[in-house]
$ cat structure-v6.txt   # compact mmCIF, N, CA, C and O atoms
# COMPACT_ATOMS: atom_id res chain seq x y z
N MET A 1 -12.01 -45.23 65.09
CA MET A 1 -11.01 -44.32 65.61
C MET A 1 -9.67 -45.06 65.67
O MET A 1 -9.59 -46.16 66.21
N THR A 2 -8.64 -44.45 65.11
CA THR A 2 -7.32 -45.07 65.12
C THR A 2 -6.72 -44.99 66.52
O THR A 2 -7.23 -44.28 67.40
N ASP A 3 -5.62 -45.69 66.70
CA ASP A 3 -4.93 -45.68 67.99
C ASP A 3 -4.45 -44.27 68.34
O ASP A 3 -4.59 -43.83 69.48
N LEU A 4 -3.92 -43.56 67.35
CA LEU A 4 -3.46 -42.19 67.58
C LEU A 4 -4.62 -41.29 67.99
O LEU A 4 -4.51 -40.51 68.93
N GLU A 5 -5.74 -41.41 67.28
CA GLU A 5 -6.92 -40.61 67.62
C GLU A 5 -7.40 -40.91 69.04
O GLU A 5 -7.75 -40.00 69.79
N SER A 6 -7.39 -42.16 69.40
CA SER A 6 -7.84 -42.57 70.73
C SER A 6 -6.94 -42.00 71.81
O SER A 6 -7.42 -41.49 72.84
N LYS A 7 -5.63 -42.05 71.60
CA LYS A 7 -4.69 -41.51 72.58
C LYS A 7 -4.85 -40.00 72.72
O LYS A 7 -4.83 -39.47 73.83
N ILE A 8 -4.98 -39.31 71.60
CA ILE A 8 -5.17 -37.86 71.65
C ILE A 8 -6.47 -37.52 72.37
O ILE A 8 -6.52 -36.59 73.18
N ASP A 9 -7.53 -38.27 72.09
CA ASP A 9 -8.82 -38.05 72.74
C ASP A 9 -8.69 -38.20 74.25
O ASP A 9 -9.20 -37.36 75.01
N ASN A 10 -7.99 -39.22 74.71
CA ASN A 10 -7.81 -39.44 76.14
C ASN A 10 -7.01 -38.31 76.78
O ASN A 10 -7.35 -37.83 77.87
N ILE A 11 -5.96 -37.88 76.11
CA ILE A 11 -5.14 -36.79 76.64
C ILE A 11 -5.95 -35.51 76.74
O ILE A 11 -5.88 -34.79 77.74
N LEU A 12 -6.73 -35.20 75.69
CA LEU A 12 -7.57 -34.00 75.72
C LEU A 12 -8.61 -34.06 76.84
O LEU A 12 -8.87 -33.06 77.51
N GLU A 13 -9.19 -35.23 77.03
CA GLU A 13 -10.18 -35.38 78.08
C GLU A 13 -9.56 -35.13 79.46
O GLU A 13 -10.13 -34.41 80.29
N GLU A 14 -8.37 -35.71 79.69
CA GLU A 14 -7.68 -35.49 80.96
C GLU A 14 -7.35 -34.01 81.14
O GLU A 14 -7.53 -33.45 82.23
N HIS A 15 -6.88 -33.38 80.09
CA HIS A 15 -6.51 -31.97 80.16
C HIS A 15 -7.73 -31.09 80.46
O HIS A 15 -7.64 -30.15 81.26
N GLN A 16 -8.85 -31.42 79.83
CA GLN A 16 -10.08 -30.67 80.09
C GLN A 16 -10.47 -30.75 81.55
O GLN A 16 -10.85 -29.75 82.16
N HIS A 17 -10.40 -31.95 82.12
CA HIS A 17 -10.79 -32.12 83.52
C HIS A 17 -9.84 -31.40 84.46
O HIS A 17 -10.26 -30.80 85.45
N GLU A 18 -8.53 -31.47 84.14
CA GLU A 18 -7.54 -30.84 85.01
C GLU A 18 -7.62 -29.32 84.96
O GLU A 18 -7.46 -28.65 85.97
N SER A 19 -7.85 -28.77 83.78
CA SER A 19 -7.79 -27.32 83.63
C SER A 19 -9.17 -26.66 83.60
O SER A 19 -9.26 -25.43 83.60
N GLY A 20 -10.22 -27.45 83.52
CA GLY A 20 -11.56 -26.90 83.49
C GLY A 20 -11.93 -26.25 82.17
O GLY A 20 -12.77 -25.37 82.11
N LEU A 21 -11.28 -26.67 81.10
CA LEU A 21 -11.58 -26.11 79.78
C LEU A 21 -12.97 -26.51 79.32
O LEU A 21 -13.43 -27.61 79.59
N ASN A 22 -13.59 -25.63 78.60
CA ASN A 22 -14.92 -25.90 78.05
C ASN A 22 -14.82 -25.86 76.53
O ASN A 22 -14.87 -24.81 75.92
N MET A 23 -14.64 -27.03 75.92
CA MET A 23 -14.51 -27.13 74.46
C MET A 23 -15.73 -27.86 73.92
O MET A 23 -15.70 -29.06 73.71
N ILE A 24 -16.78 -27.15 73.70
CA ILE A 24 -18.00 -27.78 73.21
C ILE A 24 -17.91 -27.95 71.70
O ILE A 24 -17.79 -26.97 70.97
N GLY A 25 -17.95 -29.18 71.24
CA GLY A 25 -17.99 -29.47 69.82
C GLY A 25 -16.66 -29.35 69.09
O GLY A 25 -16.51 -29.84 67.99
N GLY A 26 -15.67 -28.73 69.68
CA GLY A 26 -14.41 -28.52 68.98
C GLY A 26 -13.39 -29.62 69.19
O GLY A 26 -12.40 -29.69 68.48
N ARG A 27 -13.65 -30.48 70.15
CA ARG A 27 -12.67 -31.52 70.48
C ARG A 27 -12.46 -32.50 69.34
O ARG A 27 -11.32 -32.82 68.99
N ARG A 28 -13.52 -32.98 68.75
CA ARG A 28 -13.41 -33.95 67.64
C ARG A 28 -12.69 -33.33 66.45
O ARG A 28 -11.84 -33.95 65.82
N ARG A 29 -13.00 -32.08 66.16
CA ARG A 29 -12.36 -31.38 65.05
C ARG A 29 -10.86 -31.19 65.32
O ARG A 29 -10.03 -31.36 64.44
N LEU A 30 -10.52 -30.87 66.57
CA LEU A 30 -9.12 -30.70 66.96
C LEU A 30 -8.37 -32.02 66.83
O LEU A 30 -7.25 -32.06 66.33
N ILE A 31 -8.98 -33.10 67.27
CA ILE A 31 -8.35 -34.43 67.15
C ILE A 31 -8.08 -34.74 65.69
O ILE A 31 -6.98 -35.19 65.33
N ASP A 32 -9.05 -34.51 64.82
CA ASP A 32 -8.87 -34.77 63.38
C ASP A 32 -7.71 -33.96 62.82
O ASP A 32 -6.90 -34.47 62.04
N ARG A 33 -7.62 -32.70 63.21
CA ARG A 33 -6.56 -31.84 62.71
C ARG A 33 -5.19 -32.29 63.22
O ARG A 33 -4.20 -32.27 62.48
N LEU A 34 -5.11 -32.67 64.50
CA LEU A 34 -3.84 -33.14 65.06
C LEU A 34 -3.39 -34.44 64.41
O LEU A 34 -2.21 -34.59 64.08
N VAL A 35 -4.31 -35.37 64.19
CA VAL A 35 -3.97 -36.63 63.55
C VAL A 35 -3.45 -36.37 62.14
O VAL A 35 -2.44 -36.93 61.73
N GLN A 36 -4.13 -35.51 61.42
CA GLN A 36 -3.70 -35.18 60.05
C GLN A 36 -2.30 -34.58 60.07
O GLN A 36 -1.44 -34.94 59.27
N PHE A 37 -2.04 -33.69 61.01
CA PHE A 37 -0.73 -33.06 61.13
C PHE A 37 0.36 -34.10 61.37
O PHE A 37 1.40 -34.10 60.70
N PHE A 38 0.13 -35.02 62.32
CA PHE A 38 1.14 -36.03 62.64
C PHE A 38 1.33 -37.01 61.49
O PHE A 38 2.46 -37.42 61.20
N GLU A 39 0.26 -37.41 60.85
CA GLU A 39 0.37 -38.35 59.73
C GLU A 39 1.12 -37.72 58.56
O GLU A 39 1.95 -38.36 57.93
N GLU A 40 0.85 -36.45 58.28
CA GLU A 40 1.57 -35.76 57.20
C GLU A 40 3.04 -35.61 57.55
O GLU A 40 3.91 -35.74 56.69
N GLY A 41 3.34 -35.37 58.81
CA GLY A 41 4.73 -35.25 59.26
C GLY A 41 5.48 -36.55 59.12
O GLY A 41 6.65 -36.57 58.72
N GLN A 42 4.82 -37.66 59.41
CA GLN A 42 5.46 -38.98 59.26
C GLN A 42 5.74 -39.27 57.79
O GLN A 42 6.78 -39.79 57.45
N GLN A 43 4.81 -38.91 56.91
CA GLN A 43 5.00 -39.13 55.48
C GLN A 43 6.16 -38.28 54.97
O GLN A 43 6.98 -38.74 54.19
N THR A 44 6.24 -37.05 55.42
CA THR A 44 7.31 -36.15 55.00
C THR A 44 8.67 -36.67 55.45
O THR A 44 9.64 -36.66 54.70
N GLN A 45 8.74 -37.18 56.68
CA GLN A 45 9.99 -37.73 57.20
C GLN A 45 10.40 -38.97 56.40
O GLN A 45 11.56 -39.15 56.10
N SER A 46 9.45 -39.81 56.07
CA SER A 46 9.74 -41.01 55.29
C SER A 46 10.28 -40.65 53.92
O SER A 46 11.22 -41.25 53.42
N GLN A 47 9.68 -39.65 53.29
CA GLN A 47 10.11 -39.25 51.96
C GLN A 47 11.48 -38.59 51.99
O GLN A 47 12.29 -38.81 51.11
N SER A 48 11.76 -37.79 53.00
CA SER A 48 13.06 -37.12 53.07
C SER A 48 14.17 -38.09 53.50
O SER A 48 15.32 -37.87 53.17
N ALA A 49 13.83 -39.16 54.17
CA ALA A 49 14.84 -40.14 54.61
C ALA A 49 15.25 -41.04 53.44
O ALA A 49 16.39 -41.49 53.38
N ALA A 50 14.37 -41.30 52.50
CA ALA A 50 14.68 -42.18 51.38
C ALA A 50 15.84 -41.68 50.53
O ALA A 50 16.77 -42.45 50.26
N PRO A 51 15.89 -40.41 50.09
CA PRO A 51 17.03 -39.95 49.29
C PRO A 51 18.34 -39.99 50.07
O PRO A 51 19.38 -40.27 49.51
N ALA A 52 18.32 -39.76 51.37
CA ALA A 52 19.54 -39.80 52.17
C ALA A 52 20.13 -41.21 52.18
O ALA A 52 21.33 -41.39 52.12
N ARG A 53 19.27 -42.21 52.24
CA ARG A 53 19.75 -43.58 52.23
C ARG A 53 20.41 -43.91 50.89
O ARG A 53 21.40 -44.60 50.83
N SER A 54 19.83 -43.44 49.81
CA SER A 54 20.37 -43.76 48.49
C SER A 54 21.72 -43.08 48.27
O SER A 54 22.57 -43.59 47.55
N ARG A 55 21.98 -41.95 48.91
CA ARG A 55 23.26 -41.27 48.78
C ARG A 55 24.36 -42.01 49.53
O ARG A 55 25.53 -41.90 49.20
N GLU A 56 23.98 -42.78 50.56
CA GLU A 56 24.98 -43.50 51.34
C GLU A 56 25.61 -44.64 50.55
O GLU A 56 26.72 -45.03 50.80
N ASN A 57 24.90 -45.18 49.56
CA ASN A 57 25.39 -46.33 48.80
C ASN A 57 26.38 -45.94 47.79
O ASN A 57 26.73 -45.24 47.14

$ encode --input "structure-v6.txt" --output "structure tokens"
Amino acid sequence: MTDLESKIDNILEEHQHESGLNMIGGRRRLIDRLVQFFEEGQQTQSQSAAPARSREN
């Protein structure tokens, strides 16, 4: 489990306890989807930032 996955897992666990949510079996799948979303967002930001830097020169 990556650091991001671990942090998301901890946050979800705290939220479940605080709100009394019952997420049987869906938590791991949700973590995977959130990690994928954030990783894809970081890649997109990196790719869009590269052309902007080249225009500055």

$ closest_residue --input "structure-v6.txt" --among "A:Glu18, A:Ser48, A:Asp32, A:Gln42" --to "Glu5 (chain A)" --atoms "only N, CA, C and O atoms"
A:Asp32

$ atom_distance --input "structure-v6.txt" --atom1 "atom N of Gln16 (chain A)" --atom2 "atom C of Thr2 (chain A)"
19.1 Å

$ atom_distance --input "structure-v6.txt" --atom1 "CA of Leu4 (chain A)" --atom2 "CA of Arg27 (chain A)"
14.4 Å

$ closest_residue --input "structure-v6.txt" --among "A:Ala49, A:Arg28, A:Gly41, A:Arg33" --to "Glu13 (chain A)" --atoms "only C-alpha atoms"
A:Arg28

$ atom_distance --input "structure-v6.txt" --atom1 "atom O of Glu39 (chain A)" --atom2 "atom C of His15 (chain A)"
25.6 Å

$ closest_residue --input "structure-v6.txt" --among "A:Ile8, A:Asp3, A:Gln45, A:His17" --to "Ile31 (chain A)" --atoms "all atoms listed in the file"
A:Ile8
